[in-house]
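Quick look at query_0.cif (mmCIF, N, CA and C atoms; chains and numbers go by the auth columns):
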data_start
#
loop_
_atom_site.group_PDB
_atom_site.id
_atom_site.type_symbol
_atom_site.label_atom_id
_atom_site.label_comp_id
_atom_site.label_asym_id
_atom_site.label_seq_id
_atom_site.Cartn_x
_atom_site.Cartn_y
_atom_site.Cartn_z
_atom_site.B_iso_or_equiv
_atom_site.auth_seq_id
_atom_site.auth_asym_id
ATOM 1 N N MET A 1 109.142 117.913 46.396 0.00 1 C
ATOM 2 C CA MET A 1 110.460 118.240 45.885 0.00 1 C
ATOM 3 C C MET A 1 111.034 117.008 45.180 0.00 1 C
ATOM 4 N N LYS A 2 111.581 117.239 43.996 0.00 2 C
ATOM 5 C CA LYS A 2 112.180 116.158 43.208 0.00 2 C
ATOM 6 C C LYS A 2 113.694 116.202 43.375 0.00 2 C
ATOM 7 N N ASN A 3 114.310 115.029 43.441 0.00 3 C
ATOM 8 C CA ASN A 3 115.762 114.944 43.539 0.00 3 C
ATOM 9 C C ASN A 3 116.376 114.765 42.163 0.00 3 C
ATOM 10 N N ILE A 4 117.464 115.500 41.905 0.00 4 C
ATOM 11 C CA ILE A 4 118.220 115.366 40.671 0.00 4 C
ATOM 12 C C ILE A 4 119.623 114.907 41.060 0.00 4 C
ATOM 13 N N GLY A 5 119.981 113.699 40.656 0.00 5 C
ATOM 14 C CA GLY A 5 121.272 113.124 41.043 0.00 5 C
ATOM 15 C C GLY A 5 122.386 113.487 40.078 0.00 5 C
ATOM 16 N N ILE A 6 123.553 113.786 40.650 0.00 6 C
ATOM 17 C CA ILE A 6 124.743 114.058 39.840 0.00 6 C
ATOM 18 C C ILE A 6 125.850 113.099 40.269 0.00 6 C
ATOM 19 N N ARG A 7 126.745 112.780 39.332 0.00 7 C
ATOM 20 C CA ARG A 7 127.858 111.881 39.629 0.00 7 C
ATOM 21 C C ARG A 7 129.186 112.627 39.690 0.00 7 C
ATOM 22 N N THR A 8 129.148 113.921 39.387 0.00 8 C
ATOM 23 C CA THR A 8 130.356 114.743 39.396 0.00 8 C
ATOM 24 C C THR A 8 130.311 115.685 40.594 0.00 8 C
ATOM 25 N N GLU A 9 131.353 116.482 40.763 0.00 9 C
ATOM 26 C CA GLU A 9 131.425 117.405 41.900 0.00 9 C
ATOM 27 C C GLU A 9 130.347 118.476 41.821 0.00 9 C
ATOM 28 N N TYR A 10 130.041 118.926 40.594 0.00 10 C
ATOM 29 C CA TYR A 10 129.027 119.964 40.391 0.00 10 C
ATOM 30 C C TYR A 10 128.383 119.789 39.027 0.00 10 C
ATOM 31 N N ILE A 11 127.311 120.560 38.810 0.00 11 C
ATOM 32 C CA ILE A 11 126.624 120.604 37.518 0.00 11 C
ATOM 33 C C ILE A 11 126.263 122.061 37.270 0.00 11 C
ATOM 34 N N THR A 12 126.333 122.483 36.009 0.00 12 C
ATOM 35 C CA THR A 12 125.963 123.874 35.723 0.00 12 C
ATOM 36 C C THR A 12 124.440 123.985 35.685 0.00 12 C
ATOM 37 N N LEU A 13 123.958 125.194 35.897 0.00 13 C
ATOM 38 C CA LEU A 13 122.514 125.421 35.889 0.00 13 C
ATOM 39 C C LEU A 13 121.913 125.033 34.544 0.00 13 C
ATOM 40 N N GLY A 14 122.597 125.332 33.440 0.00 14 C
ATOM 41 C CA GLY A 14 122.104 124.956 32.115 0.00 14 C
ATOM 42 C C GLY A 14 121.932 123.450 31.975 0.00 14 C
ATOM 43 N N GLN A 15 122.923 122.678 32.435 0.00 15 C
ATOM 44 C CA GLN A 15 122.839 121.211 32.381 0.00 15 C
ATOM 45 C C GLN A 15 121.743 120.708 33.314 0.00 15 C
ATOM 46 N N PHE A 16 121.638 121.344 34.467 0.00 16 C
ATOM 47 C CA PHE A 16 120.623 120.960 35.438 0.00 16 C
ATOM 48 C C PHE A 16 119.211 121.090 34.864 0.00 16 C
ATOM 49 N N LEU A 17 118.963 122.214 34.176 0.00 17 C
ATOM 50 C CA LEU A 17 117.626 122.433 33.602 0.00 17 C
ATOM 51 C C LEU A 17 117.254 121.343 32.613 0.00 17 C
ATOM 52 N N LYS A 18 118.240 120.847 31.885 0.00 18 C
ATOM 53 C CA LYS A 18 117.987 119.755 30.945 0.00 18 C
ATOM 54 C C LYS A 18 117.683 118.460 31.700 0.00 18 C
ATOM 55 N N LEU A 19 118.465 118.161 32.732 0.00 19 C
ATOM 56 C CA LEU A 19 118.225 116.957 33.535 0.00 19 C
ATOM 57 C C LEU A 19 116.871 116.982 34.233 0.00 19 C
ATOM 58 N N ALA A 20 116.449 118.166 34.634 0.00 20 C
ATOM 59 C CA ALA A 20 115.177 118.316 35.346 0.00 20 C
ATOM 60 C C ALA A 20 113.985 118.391 34.393 0.00 20 C
ATOM 61 N N ASP A 21 114.231 118.242 33.093 0.00 21 C
ATOM 62 C CA ASP A 21 113.183 118.286 32.063 0.00 21 C
ATOM 63 C C ASP A 21 112.468 119.632 31.982 0.00 21 C
ATOM 64 N N CYS A 22 113.175 120.701 32.318 0.00 22 C
ATOM 65 C CA CYS A 22 112.621 122.047 32.151 0.00 22 C
ATOM 66 C C CYS A 22 112.832 122.527 30.722 0.00 22 C
ATOM 67 N N ILE A 23 113.905 122.058 30.091 0.00 23 C
ATOM 68 C CA ILE A 23 114.200 122.348 28.682 0.00 23 C
ATOM 69 C C ILE A 23 114.570 121.039 28.012 0.00 23 C
ATOM 70 N N SER A 24 114.439 120.985 26.683 0.00 24 C
ATOM 71 C CA SER A 24 114.741 119.733 25.986 0.00 24 C
ATOM 72 C C SER A 24 116.160 119.688 25.435 0.00 24 C
ATOM 73 N N THR A 25 116.768 120.852 25.177 0.00 25 C
ATOM 74 C CA THR A 25 118.151 120.875 24.701 0.00 25 C
ATOM 75 C C THR A 25 118.941 121.924 25.478 0.00 25 C
ATOM 76 N N GLY A 26 120.244 121.732 25.553 0.00 26 C
ATOM 77 C CA GLY A 26 121.091 122.673 26.258 0.00 26 C
ATOM 78 C C GLY A 26 121.084 124.056 25.635 0.00 26 C
ATOM 79 N N GLY A 27 120.849 124.128 24.334 0.00 27 C
ATOM 80 C CA GLY A 27 120.826 125.404 23.636 0.00 27 C
ATOM 81 C C GLY A 27 119.670 126.304 24.044 0.00 27 C
ATOM 82 N N GLN A 28 118.670 125.731 24.654 0.00 28 C
ATOM 83 C CA GLN A 28 117.501 126.515 25.091 0.00 28 C
ATOM 84 C C GLN A 28 117.730 127.198 26.433 0.00 28 C
ATOM 85 N N ALA A 29 118.820 126.873 27.125 0.00 29 C
ATOM 86 C CA ALA A 29 119.046 127.366 28.479 0.00 29 C
ATOM 87 C C ALA A 29 119.090 128.893 28.545 0.00 29 C
ATOM 88 N N LYS A 30 119.813 129.516 27.638 0.00 30 C
ATOM 89 C CA LYS A 30 119.974 130.975 27.689 0.00 30 C
ATOM 90 C C LYS A 30 118.628 131.684 27.582 0.00 30 C
ATOM 91 N N SER A 31 117.830 131.336 26.590 0.00 31 C
ATOM 92 C CA SER A 31 116.535 132.001 26.424 0.00 31 C
ATOM 93 C C SER A 31 115.577 131.636 27.555 0.00 31 C
ATOM 94 N N PHE A 32 115.637 130.400 28.038 0.00 32 C
ATOM 95 C CA PHE A 32 114.776 129.980 29.145 0.00 32 C
ATOM 96 C C PHE A 32 115.071 130.818 30.390 0.00 32 C
ATOM 97 N N LEU A 33 116.359 131.019 30.682 0.00 33 C
ATOM 98 C CA LEU A 33 116.749 131.760 31.882 0.00 33 C
ATOM 99 C C LEU A 33 116.427 133.245 31.782 0.00 33 C
ATOM 100 N N GLN A 34 116.302 133.778 30.568 0.00 34 C
ATOM 101 C CA GLN A 34 115.919 135.175 30.403 0.00 34 C
ATOM 102 C C GLN A 34 114.439 135.377 30.720 0.00 34 C
ATOM 103 N N GLU A 35 113.640 134.336 30.515 0.00 35 C
ATOM 104 C CA GLU A 35 112.194 134.443 30.685 0.00 35 C
ATOM 105 C C GLU A 35 111.688 133.881 32.009 0.00 35 C
ATOM 106 N N ALA A 36 112.323 132.824 32.516 0.00 36 C
ATOM 107 C CA ALA A 36 111.825 132.125 33.703 0.00 36 C
ATOM 108 C C ALA A 36 112.477 132.657 34.979 0.00 36 C
ATOM 109 N N THR A 37 111.780 132.479 36.084 0.00 37 C
ATOM 110 C CA THR A 37 112.324 132.831 37.386 0.00 37 C
ATOM 111 C C THR A 37 112.928 131.580 38.010 0.00 37 C
ATOM 112 N N VAL A 38 114.216 131.650 38.334 0.00 38 C
ATOM 113 C CA VAL A 38 114.917 130.529 38.962 0.00 38 C
ATOM 114 C C VAL A 38 115.493 131.019 40.289 0.00 38 C
ATOM 115 N N ILE A 39 115.151 130.316 41.359 0.00 39 C
ATOM 116 C CA ILE A 39 115.627 130.651 42.697 0.00 39 C
ATOM 117 C C ILE A 39 116.536 129.508 43.160 0.00 39 C
ATOM 118 N N ILE A 40 117.771 129.848 43.523 0.00 40 C
ATOM 119 C CA ILE A 40 118.730 128.845 43.992 0.00 40 C
ATOM 120 C C ILE A 40 119.072 129.177 45.439 0.00 40 C
ATOM 121 N N ASN A 41 118.750 128.261 46.340 0.00 41 C
ATOM 122 C CA ASN A 41 118.998 128.456 47.776 0.00 41 C
ATOM 123 C C ASN A 41 118.458 129.802 48.262 0.00 41 C
ATOM 124 N N GLY A 42 117.268 130.166 47.776 0.00 42 C
ATOM 125 C CA GLY A 42 116.612 131.382 48.224 0.00 42 C
ATOM 126 C C GLY A 42 117.028 132.661 47.510 0.00 42 C
ATOM 127 N N GLU A 43 117.967 132.562 46.559 0.00 43 C
ATOM 128 C CA GLU A 43 118.463 133.735 45.833 0.00 43 C
ATOM 129 C C GLU A 43 118.143 133.598 44.342 0.00 43 C
ATOM 130 N N PRO A 44 117.595 134.627 43.703 0.00 44 C
ATOM 131 C CA PRO A 44 117.352 134.545 42.254 0.00 44 C
ATOM 132 C C PRO A 44 118.675 134.481 41.492 0.00 44 C
ATOM 133 N N ASP A 45 118.704 133.669 40.449 0.00 45 C
ATOM 134 C CA ASP A 45 119.922 133.536 39.634 0.00 45 C
ATOM 135 C C ASP A 45 119.527 133.135 38.222 0.00 45 C
ATOM 136 N N ASN A 46 120.189 133.706 37.228 0.00 46 C
ATOM 137 C CA ASN A 46 119.889 133.363 35.839 0.00 46 C
ATOM 138 C C ASN A 46 121.156 133.098 35.035 0.00 46 C
ATOM 139 N N ARG A 47 122.240 132.743 35.716 0.00 47 C
ATOM 140 C CA ARG A 47 123.499 132.438 35.025 0.00 47 C
ATOM 141 C C ARG A 47 123.530 130.957 34.680 0.00 47 C
ATOM 142 N N ARG A 48 123.546 130.636 33.394 0.00 48 C
ATOM 143 C CA ARG A 48 123.506 129.219 33.008 0.00 48 C
ATOM 144 C C ARG A 48 124.765 128.477 33.410 0.00 48 C
ATOM 145 N N GLY A 49 125.866 129.190 33.670 0.00 49 C
ATOM 146 C CA GLY A 49 127.106 128.563 34.104 0.00 49 C
ATOM 147 C C GLY A 49 127.235 128.418 35.606 0.00 49 C
ATOM 148 N N ARG A 50 126.223 128.849 36.350 0.00 50 C
ATOM 149 C CA ARG A 50 126.234 128.744 37.814 0.00 50 C
ATOM 150 C C ARG A 50 126.449 127.290 38.215 0.00 50 C
ATOM 151 N N LYS A 51 127.409 127.045 39.081 0.00 51 C
ATOM 152 C CA LYS A 51 127.720 125.692 39.518 0.00 51 C
ATOM 153 C C LYS A 51 126.817 125.295 40.675 0.00 51 C
ATOM 154 N N LEU A 52 126.146 124.173 40.508 0.00 52 C
ATOM 155 C CA LEU A 52 125.289 123.637 41.553 0.00 52 C
ATOM 156 C C LEU A 52 125.974 122.406 42.143 0.00 52 C
ATOM 157 N N VAL A 53 125.932 122.288 43.459 0.00 53 C
ATOM 158 C CA VAL A 53 126.546 121.146 44.138 0.00 53 C
ATOM 159 C C VAL A 53 125.475 120.416 44.936 0.00 53 C
ATOM 160 N N ALA A 54 125.814 119.222 45.408 0.00 54 C
ATOM 161 C CA ALA A 54 124.875 118.428 46.195 0.00 54 C
ATOM 162 C C ALA A 54 124.385 119.239 47.380 0.00 54 C
ATOM 163 N N GLY A 55 123.080 119.223 47.605 0.00 55 C
ATOM 164 C CA GLY A 55 122.465 119.956 48.701 0.00 55 C
ATOM 165 C C GLY A 55 121.787 121.242 48.262 0.00 55 C
ATOM 166 N N ASP A 56 122.120 121.730 47.059 0.00 56 C
ATOM 167 C CA ASP A 56 121.488 122.953 46.565 0.00 56 C
ATOM 168 C C ASP A 56 120.008 122.716 46.274 0.00 56 C
ATOM 169 N N ILE A 57 119.193 123.706 46.594 0.00 57 C
ATOM 170 C CA ILE A 57 117.752 123.663 46.317 0.00 57 C
ATOM 171 C C ILE A 57 117.465 124.649 45.186 0.00 57 C
ATOM 172 N N VAL A 58 116.818 124.159 44.130 0.00 58 C
ATOM 173 C CA VAL A 58 116.526 124.986 42.956 0.00 58 C
ATOM 174 C C VAL A 58 115.013 125.008 42.752 0.00 58 C
ATOM 175 N N ASN A 59 114.443 126.214 42.696 0.00 59 C
ATOM 176 C CA ASN A 59 113.021 126.375 42.448 0.00 59 C
ATOM 177 C C ASN A 59 112.859 127.042 41.088 0.00 59 C
ATOM 178 N N VAL A 60 112.214 126.330 40.165 0.00 60 C
ATOM 179 C CA VAL A 60 112.004 126.833 38.810 0.00 60 C
ATOM 180 C C VAL A 60 110.515 127.121 38.651 0.00 60 C
ATOM 181 N N ALA A 61 110.181 128.395 38.411 0.00 61 C
ATOM 182 C CA ALA A 61 108.782 128.791 38.282 0.00 61 C
ATOM 183 C C ALA A 61 108.085 127.959 37.201 0.00 61 C
ATOM 184 N N GLY A 62 106.968 127.359 37.569 0.00 62 C
ATOM 185 C CA GLY A 62 106.191 126.563 36.627 0.00 62 C
ATOM 186 C C GLY A 62 106.613 125.105 36.541 0.00 62 C
ATOM 187 N N TYR A 63 107.750 124.753 37.161 0.00 63 C
ATOM 188 C CA TYR A 63 108.251 123.374 37.084 0.00 63 C
ATOM 189 C C TYR A 63 108.420 122.733 38.451 0.00 63 C
ATOM 190 N N GLY A 64 108.532 123.531 39.493 0.00 64 C
ATOM 191 C CA GLY A 64 108.616 122.980 40.834 0.00 64 C
ATOM 192 C C GLY A 64 109.961 123.174 41.495 0.00 64 C
ATOM 193 N N GLU A 65 110.131 122.463 42.602 0.00 65 C
ATOM 194 C CA GLU A 65 111.333 122.583 43.412 0.00 65 C
ATOM 195 C C GLU A 65 112.154 121.296 43.293 0.00 65 C
ATOM 196 N N PHE A 66 113.448 121.474 43.184 0.00 66 C
ATOM 197 C CA PHE A 66 114.372 120.351 42.989 0.00 66 C
ATOM 198 C C PHE A 66 115.514 120.443 43.988 0.00 66 C
ATOM 199 N N GLN A 67 116.062 119.293 44.360 0.00 67 C
ATOM 200 C CA GLN A 67 117.267 119.269 45.191 0.00 67 C
ATOM 201 C C GLN A 67 118.339 118.485 44.449 0.00 67 C
ATOM 202 N N VAL A 68 119.547 119.030 44.429 0.00 68 C
ATOM 203 C CA VAL A 68 120.677 118.342 43.817 0.00 68 C
ATOM 204 C C VAL A 68 121.222 117.359 44.844 0.00 68 C
ATOM 205 N N ILE A 69 121.366 116.095 44.442 0.00 69 C
ATOM 206 C CA ILE A 69 121.928 115.074 45.328 0.00 69 C
ATOM 207 C C ILE A 69 123.100 114.392 44.641 0.00 69 C
ATOM 208 N N GLN A 70 124.007 113.876 45.442 0.00 70 C
ATOM 209 C CA GLN A 70 125.163 113.137 44.917 0.00 70 C
ATOM 210 C C GLN A 70 124.777 111.682 44.767 0.00 70 C
ATOM 211 N N GLU A 71 125.029 111.111 43.597 0.00 71 C
ATOM 212 C CA GLU A 71 124.723 109.685 43.394 0.00 71 C
ATOM 213 C C GLU A 71 125.922 108.841 43.691 0.00 71 C
#
I'd like the structure from this file rewritten - as structure tokens, please.
Amino acid sequence: MKNIGIRTEYITLGQFLKLADCISTGGQAKSFLQEATVIINGEPDNRRGRKLVAGDIVNVAGYGEFQVIQE
């Protein structure tokens, strides 16, 4: 599991995917989420505006499992 550090209270799923190197630009988030399977804390979710907070576990099919941590 890889850790993704944030300095704010939360991060959106679209921003998270960019930080985790799943996509190269924020504009790719919508199409990526339509095609890829993303599991957040055991629940499937494809909303790019979904707020992730420290402690959330995100599993992105083909990219691995990530944990959001507070820096």
- Counting only N, CA and C atoms, the residue of C:Thr12, C:Gln67, C:Gln28, C:Gln34 that sits nearest C:Lys51: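 The answer is C:Thr12, which sits nearest to C:Lys51.
Of the residues under consideration (C:Ala29, C:Leu17, C:Met1, C:Ile11), C:Ile11 shows the shortest atom-to-atom contact distance to C:Val53 when counting only C-alpha atoms.
Going from atom C of C:Glu71 to atom C of C:Ala54 covers 11.1 Å.
If you apply the PyMOL selection byres (((chain C and resi 50 and name CA) around 12) and name CA) to this structure, you end up with Tyr10, Ile11, Thr12, Leu13, Gly14, Gln15, Phe16, Leu17, Ala29, Leu33, Val38, Ile39, Ile40, Pro44, Asp45, Asn46, Arg47, Arg48, Gly49, Lys51, Leu52, Val53, Asp56 and Val58 of chain C.
Between atom C of C:Ser24 and atom N of C:Asn41 the interatomic distance comes to 22.7 Å.
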